[in-house]
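Asks: Structure provided below as structure tokens; questions to follow.
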Amino acid sequence: MEILIIGTGYVGLVTGACFAEMGYHVTCLDINEEKIKQLQAGIIPIFEPGLEEIVKRCSQSKRLTFTTSYKEAVPKATVCMLAVDTPMSETGECNLRSITAAASSIGEHLQNYTVIINKSTVPVGTAEFVRKTITKALEKREVSIPFDVVSNPEFLKEGSAVADFMRPDRVIVGCDNEKAAALMHDLYKPFMLSQERLYFMDIASAEMTKYAANAMLATRISFMNSLSLLCEKTGADITEVRRGIGSDKRIGLAFLWAGAGFGGSCFPKDLQALQSMIRSNDLDSSLIDAVIKINARQKELLFEKIQSYFEDHGGLRGKTIGILGLSFKPDTDDMREAASLVLITRLLQHGAHVRLFDPVAMPNAKKLIPESSQVTWCENEQEVAKGADALALVTEWKQFRLIDYKALLQEMQGNSFFDGRNQYDPEMMAKTGFDYISIGRAPAYHALYNEFKWIEKNVTADA
């Protein structure tokens, strides 16, 4: 089976590499000549754990090749996967320009029966649109070549995409005939040896499933973020609430962390596309509206906590804030819709200086954050803390879990720590010497901690 992947972005490259790793012959096609030259030279344009090793290994064994030529790649393909970008338009709808161009090019060069697979996240009805686009190109050539269009949405998490693909918890396939279904079964059979996780359904349902999954996960996050504000007002602890409700088997613990808001290329874009689909069908989009609104509000929260704290410490202007973590989540260099960008923008607008560090995302972050005398790029956590009035954790990279807090404090000018991901124990941070402010939990101040311990010690002694 010859596999053609059109698009070498995040989804396309991971998909192509993983199929090649399983033993298939895979061609990845992209119209970006510079990107293809880099891939042919072994340069990987994205950071994803384990991906670079697979790409290099499969390229050396000739199971994975890269090209810009539809003319060469399409005729020999058994299956052709569309993994091109589907950006959000100005109105919030999914932009199908790349899908249209790819489908037209397939139709111009199709020679034999091929299954065309929509891997990109696309609105309901896109499979039929692709079918019509290819048919139109074939009619223009005055040829009749059989093909089928299948929906096979991706469910890859950035940071664990290779593991997700090689050991999927489900593979959704939407198709309308047995021939295409049999080929899809054979395609994914090597991934199902331990357990069958292939789910067949109609095309429209498969297309909707992708949006429904992302909307559900985003809703869970926004629910907890909304609840965290109430916890702060009432004295409850959102992390304890999470434990309490997460122990219910009907709910579970996944995607119930309160924090500084979600970002990335999927959730924000897919929510707006779903919102657009709901409204275009004259339905009430209030639930999705609320999820989007809560997330936008949550991205402002960390700045507001910093601003409020420094109102009692001379104001923000001229203060230095060290930022730990820039990417929208750990184990990726993706800066799209990252919460750090909102925080940094607000701090700079209010006259603060920022010291920035991320283990992987610095090159991408530098493309988005303008050069300024207010911005300092750092090489590690210790350098971020040097002279800082406060530190803010925005992205919970593993290497930040066991940092030397006392060493950071010695480098700092101030002693406040703002935790946008609730990674640390408030009492431990206050004991170390920090004024510790997190999300959905009571602040823990060093001075109050020392006062409490003094009272506790003396009351116990008197007793």
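Residues in the structure tokens are numbered from 1 in each chain, the chains being A, B, ... in the order shown, and ligands are numbered from 1 in the order shown.
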DSSP on the backbone, helix (DSSP H, G or I) only: what residues of region 182-232 of chain A does that give? Format it as a count of residues only.
Replies: 40
Asks: List the spatial neighbours of region 12-16 of chain A as a PyMOL selection string - criterion: any atom at most 8 Å away, only C-alpha atoms, same-chain residues fewer than 4 positions off excluded.
Replies: chain A and resi 5-8+20+26-28+51+64+82-84+161-162+165
Asks: Please report as JSON lines every residue of region 252-304 of chain A lying within 9 Å of region 416-426 of chain A, along with the nearest atom pair and their distance in Å (one decimal), using only C-alpha atoms.
Replies:
{"residue": "A:Trp257", "atom": "CA", "partner": "A:Arg421", "partner_atom": "CA", "distance": 7.8}
{"residue": "A:Ala258", "atom": "CA", "partner": "A:Arg421", "partner_atom": "CA", "distance": 7.0}
{"residue": "A:Gly259", "atom": "CA", "partner": "A:Arg421", "partner_atom": "CA", "distance": 4.8}
{"residue": "A:Ala260", "atom": "CA", "partner": "A:Gly420", "partner_atom": "CA", "distance": 5.1}
{"residue": "A:Gly261", "atom": "CA", "partner": "A:Gly420", "partner_atom": "CA", "distance": 8.8}
{"residue": "A:Leu301", "atom": "CA", "partner": "A:Gly420", "partner_atom": "CA", "distance": 8.8}
{"residue": "A:Leu302", "atom": "CA", "partner": "A:Gly420", "partner_atom": "CA", "distance": 6.4}
Asks: I'd like the contact shell of Leu408 (chain A) - 7 Å cut-off, only C-alpha atoms, skipping same-chain residues fewer than 4 positions apart - returned as a ChimeraX atom specification.
Replies: /A:382,385,404,412
Asks: What does the file look like for those residues with N, CA and C atoms, as a PDB file, in the first residue's frame?
Replies:
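Wrote it out as result.pdb, contents follow:
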ATOM      1  N   GLN A 382      17.483  30.284  36.409  1.00  0.00           N
ATOM      2  CA  GLN A 382      18.256  31.154  37.281  1.00  0.00           C
ATOM      3  C   GLN A 382      18.442  32.539  36.662  1.00  0.00           C
ATOM      4  N   ALA A 385      15.343  34.663  36.958  1.00  0.00           N
ATOM      5  CA  ALA A 385      15.108  35.195  38.304  1.00  0.00           C
ATOM      6  C   ALA A 385      16.019  36.369  38.653  1.00  0.00           C
ATOM      7  N   ASP A 404      15.124  24.737  42.064  1.00  0.00           N
ATOM      8  CA  ASP A 404      15.688  25.138  43.360  1.00  0.00           C
ATOM      9  C   ASP A 404      15.089  26.488  43.736  1.00  0.00           C
ATOM     10  N   MET A 412      16.511  36.920  43.079  1.00  0.00           N
ATOM     11  CA  MET A 412      15.451  37.888  42.858  1.00  0.00           C
ATOM     12  C   MET A 412      15.624  39.161  43.689  1.00  0.00           C
TER      13      MET A 412
END
Asks: Would you return as a list in words the members of region 15-192 of chain A that DSSP assigns to strand (DSSP E) on this structure's backbone?
Replies: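 For region 15-192 of chain A, the strand (DSSP E) set is His25, Val26, Thr27, Cys28, Leu29, Leu64, Thr65, Phe66, Thr67, Val79, Cys80, Met81, Leu82, Thr114, Val115, Ile116, Ile117, Asn118, Phe147, Asp148, Val149, Val150, Ser151, Val171, Ile172, Val173 and Gly174 of chain A.
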Asks: Extract, using only C-alpha atoms, all DNA, RNA and protein residues at most 10 Å from region 334-341 of chain A, discarding same-chain residues fewer than 4 positions from it, and format them as a VMD selection string.
Replies: chain A and resid 10 46 to 48 158 to 159 259 to 269 295 to 296 298 to 300 302 to 303 323 to 330 345 to 347 356 360 to 365 367 to 369 392 to 395 420
Asks: How would the residues just chosen look if you wrote them out with N, CA and C atoms as a compact mmCIF listing (two decimals), in the first residue's frame?
Replies:
# COMPACT_ATOMS: atom_id res chain seq x y z
N TYR A 10 2.03 19.96 11.23
CA TYR A 10 2.06 19.13 12.44
C TYR A 10 1.39 17.78 12.22
N ILE A 46 9.23 21.32 13.25
CA ILE A 46 8.47 21.43 14.50
C ILE A 46 9.14 20.59 15.57
N PHE A 47 8.86 20.92 16.84
CA PHE A 47 9.35 20.10 17.94
C PHE A 47 8.23 19.19 18.41
N GLU A 48 8.49 17.92 18.40
CA GLU A 48 7.56 16.92 18.91
C GLU A 48 8.39 15.73 19.39
N GLU A 158 -0.48 17.58 20.97
CA GLU A 158 0.88 18.08 20.84
C GLU A 158 1.65 17.73 22.12
N GLY A 159 2.85 17.23 21.93
CA GLY A 159 3.66 16.78 23.06
C GLY A 159 3.62 15.28 23.25
N GLY A 259 -6.36 26.94 35.31
CA GLY A 259 -5.09 27.57 34.97
C GLY A 259 -5.27 28.87 34.24
N ALA A 260 -4.27 29.21 33.46
CA ALA A 260 -4.22 30.50 32.78
C ALA A 260 -4.89 30.47 31.40
N GLY A 261 -5.67 29.44 31.11
CA GLY A 261 -6.38 29.38 29.83
C GLY A 261 -5.69 28.48 28.83
N PHE A 262 -6.47 27.94 27.89
CA PHE A 262 -5.91 27.05 26.87
C PHE A 262 -5.59 27.83 25.60
N GLY A 263 -4.67 27.25 24.82
CA GLY A 263 -4.29 27.85 23.55
C GLY A 263 -4.05 26.78 22.51
N GLY A 264 -3.08 27.00 21.63
CA GLY A 264 -2.76 26.02 20.60
C GLY A 264 -3.51 26.25 19.31
N SER A 265 -3.31 25.34 18.38
CA SER A 265 -3.89 25.48 17.04
C SER A 265 -5.27 24.86 16.93
N CYS A 266 -5.65 24.00 17.89
CA CYS A 266 -6.90 23.23 17.74
C CYS A 266 -8.08 23.83 18.48
N PHE A 267 -8.01 23.88 19.81
CA PHE A 267 -9.19 24.26 20.58
C PHE A 267 -9.76 25.62 20.16
N PRO A 268 -8.97 26.71 20.14
CA PRO A 268 -9.56 28.01 19.79
C PRO A 268 -10.17 28.02 18.38
N LYS A 269 -9.44 27.45 17.42
CA LYS A 269 -9.92 27.45 16.03
C LYS A 269 -11.15 26.57 15.86
N ASN A 295 -12.49 31.41 28.42
CA ASN A 295 -11.08 31.20 28.14
C ASN A 295 -10.36 32.52 27.89
N ALA A 296 -11.00 33.41 27.12
CA ALA A 296 -10.40 34.73 26.87
C ALA A 296 -10.23 35.48 28.18
N GLN A 298 -9.89 34.15 31.16
CA GLN A 298 -8.90 33.48 31.99
C GLN A 298 -7.48 33.87 31.61
N LYS A 299 -7.25 34.15 30.34
CA LYS A 299 -5.91 34.54 29.89
C LYS A 299 -5.49 35.90 30.44
N GLU A 300 -6.45 36.68 30.89
CA GLU A 300 -6.15 37.98 31.49
C GLU A 300 -5.89 37.87 32.99
N LEU A 302 -3.93 36.10 35.10
CA LEU A 302 -2.60 36.10 35.71
C LEU A 302 -2.05 37.53 35.76
N PHE A 303 -2.25 38.28 34.67
CA PHE A 303 -1.81 39.67 34.68
C PHE A 303 -2.54 40.46 35.75
N ILE A 323 9.30 35.29 33.40
CA ILE A 323 8.28 34.38 32.88
C ILE A 323 8.91 33.01 32.63
N LEU A 324 8.36 32.00 33.28
CA LEU A 324 8.82 30.63 33.09
C LEU A 324 7.83 29.89 32.19
N GLY A 325 8.26 29.59 30.97
CA GLY A 325 7.42 28.88 30.01
C GLY A 325 6.67 29.82 29.10
N LEU A 326 6.77 29.59 27.78
CA LEU A 326 6.16 30.46 26.79
C LEU A 326 5.20 29.72 25.87
N SER A 327 5.49 28.48 25.53
CA SER A 327 4.64 27.72 24.61
C SER A 327 3.26 27.51 25.22
N PHE A 328 2.27 27.19 24.36
CA PHE A 328 0.91 27.08 24.87
C PHE A 328 0.71 25.89 25.81
N LYS A 329 1.61 24.90 25.71
CA LYS A 329 1.60 23.75 26.61
C LYS A 329 3.00 23.14 26.62
N PRO A 330 3.32 22.26 27.58
CA PRO A 330 4.65 21.64 27.61
C PRO A 330 4.89 20.71 26.43
N THR A 345 2.20 40.86 26.76
CA THR A 345 1.67 42.09 26.15
C THR A 345 1.16 43.05 27.21
N ARG A 346 0.39 42.55 28.17
CA ARG A 346 -0.16 43.42 29.21
C ARG A 346 0.95 44.00 30.09
N LEU A 347 1.93 43.20 30.43
CA LEU A 347 3.02 43.68 31.27
C LEU A 347 3.80 44.79 30.58
N LEU A 356 12.44 36.34 29.93
CA LEU A 356 11.69 35.21 29.35
C LEU A 356 12.57 33.98 29.17
N VAL A 360 12.12 25.15 24.84
CA VAL A 360 12.07 24.80 23.42
C VAL A 360 11.54 25.93 22.54
N ALA A 361 10.59 26.70 23.02
CA ALA A 361 9.81 27.61 22.17
C ALA A 361 10.42 28.99 21.95
N MET A 362 11.62 29.25 22.42
CA MET A 362 12.21 30.59 22.30
C MET A 362 12.31 31.08 20.86
N PRO A 363 12.77 30.26 19.91
CA PRO A 363 12.86 30.76 18.53
C PRO A 363 11.52 31.21 17.98
N ASN A 364 10.46 30.44 18.22
CA ASN A 364 9.13 30.83 17.75
C ASN A 364 8.60 32.03 18.51
N ALA A 365 8.90 32.10 19.80
CA ALA A 365 8.44 33.23 20.60
C ALA A 365 9.07 34.53 20.12
N LYS A 367 9.73 35.40 17.22
CA LYS A 367 9.06 35.86 16.01
C LYS A 367 7.79 36.66 16.34
N LEU A 368 7.26 36.45 17.54
CA LEU A 368 5.98 37.05 17.91
C LEU A 368 6.11 38.20 18.90
N ILE A 369 7.21 38.22 19.65
CA ILE A 369 7.41 39.26 20.66
C ILE A 369 8.44 40.25 20.14
N ALA A 392 6.59 34.31 37.24
CA ALA A 392 5.29 33.80 36.85
C ALA A 392 5.47 32.51 36.05
N LEU A 393 4.90 31.42 36.52
CA LEU A 393 4.91 30.17 35.77
C LEU A 393 3.70 30.16 34.84
N VAL A 394 3.96 30.07 33.53
CA VAL A 394 2.87 30.06 32.56
C VAL A 394 2.73 28.70 31.89
N THR A 395 3.85 28.03 31.63
CA THR A 395 3.83 26.71 30.97
C THR A 395 4.53 25.71 31.89
N GLY A 420 0.53 30.11 37.30
CA GLY A 420 -0.60 30.02 36.38
C GLY A 420 -1.06 28.61 36.11
Asks: So which residues touch Val291 (chain A) within 7 Å, counting only C-alpha atoms, skipping near sequence neighbours fewer than 4 positions away, as a list in words?
Replies: Thr219, Ser222, Leu287 and Asn295 of chain A
Asks: Generate a file of the selected residues that holds C-alpha atoms, formatted as a PDB file, in the first residue's frame.
Replies:
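For reference, selection19.pdb as written:
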ATOM      1  CA  THR A 219     -15.670  22.980  28.005  1.00  0.00           C
ATOM      2  CA  SER A 222     -13.420  26.439  30.989  1.00  0.00           C
ATOM      3  CA  LEU A 287     -22.670  27.082  25.383  1.00  0.00           C
ATOM      4  CA  ASN A 295     -11.079  31.203  28.140  1.00  0.00           C
TER       5      ASN A 295
END
Asks: List the neighbours of Arg355 (chain A) out to 6 Å using only C-alpha atoms; skip same-chain residues closer than 2 positions along the sequence, and give me the result as a list in words.
Replies: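 After dropping sequence-adjacent residues, the list is Gly322, Thr376, Trp377 and Val384 of chain A.
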Asks: Which residue out of A:Leu283, A:Val130, A:Cys80, A:Tyr211 has the minimum interatomic distance to Phe155 (chain A) when only C-alpha atoms are used?
Replies: A:Tyr211
Asks: Grab the CA of Asn32 (chain A) to CA of Lys56 (chain A) distance for me, in Å with one decimal place.
Replies: 19.7 Å
Asks: Near Phe191 (chain A), counting only C-alpha atoms, which residues have an atom at most 10 Å away, once you skip same-chain residues fewer than 6 positions from it, shown as number ranges by chain?
Replies: A: 19, 22, 165-168, 171, 197-198
Asks: Grab the CA of Gly50 (chain A) to CA of Tyr70 (chain A) distance for me, in Å with one decimal place.
Replies: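 Computed distance, CA of Gly50 (chain A) to CA of Tyr70 (chain A), equals 28.5 Å.
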Asks: For a test of reading the model, state the distance in Å between CA of Met224 (chain A) and CA of Pro443 (chain A), rounded to one decimal.
Replies: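 Distance between the two atoms: 18.2 Å.
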Asks: Pick the closest to Met81 (chain A) from A:Val11, A:Ile145, A:Asn112, A:Gly42: which is it, counting only C-alpha atoms?
Replies: A:Val11
Asks: Between A:Val143, A:Ala163, A:Ala254, A:Ala102, single out the one closest to Ile54 (chain A), counting only C-alpha atoms.
Replies: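 Between A:Val143, A:Ala163, A:Ala254, A:Ala102, the residue approaching Ile54 (chain A) most closely is A:Ala163.
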Asks: Using only C-alpha atoms, which of A:Ile172, A:Ile294, A:Leu229, A:Leu271 sits nearest Ala215 (chain A)?
Replies: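 Of the candidates, the smallest distance to Ala215 (chain A) is held by A:Leu271.
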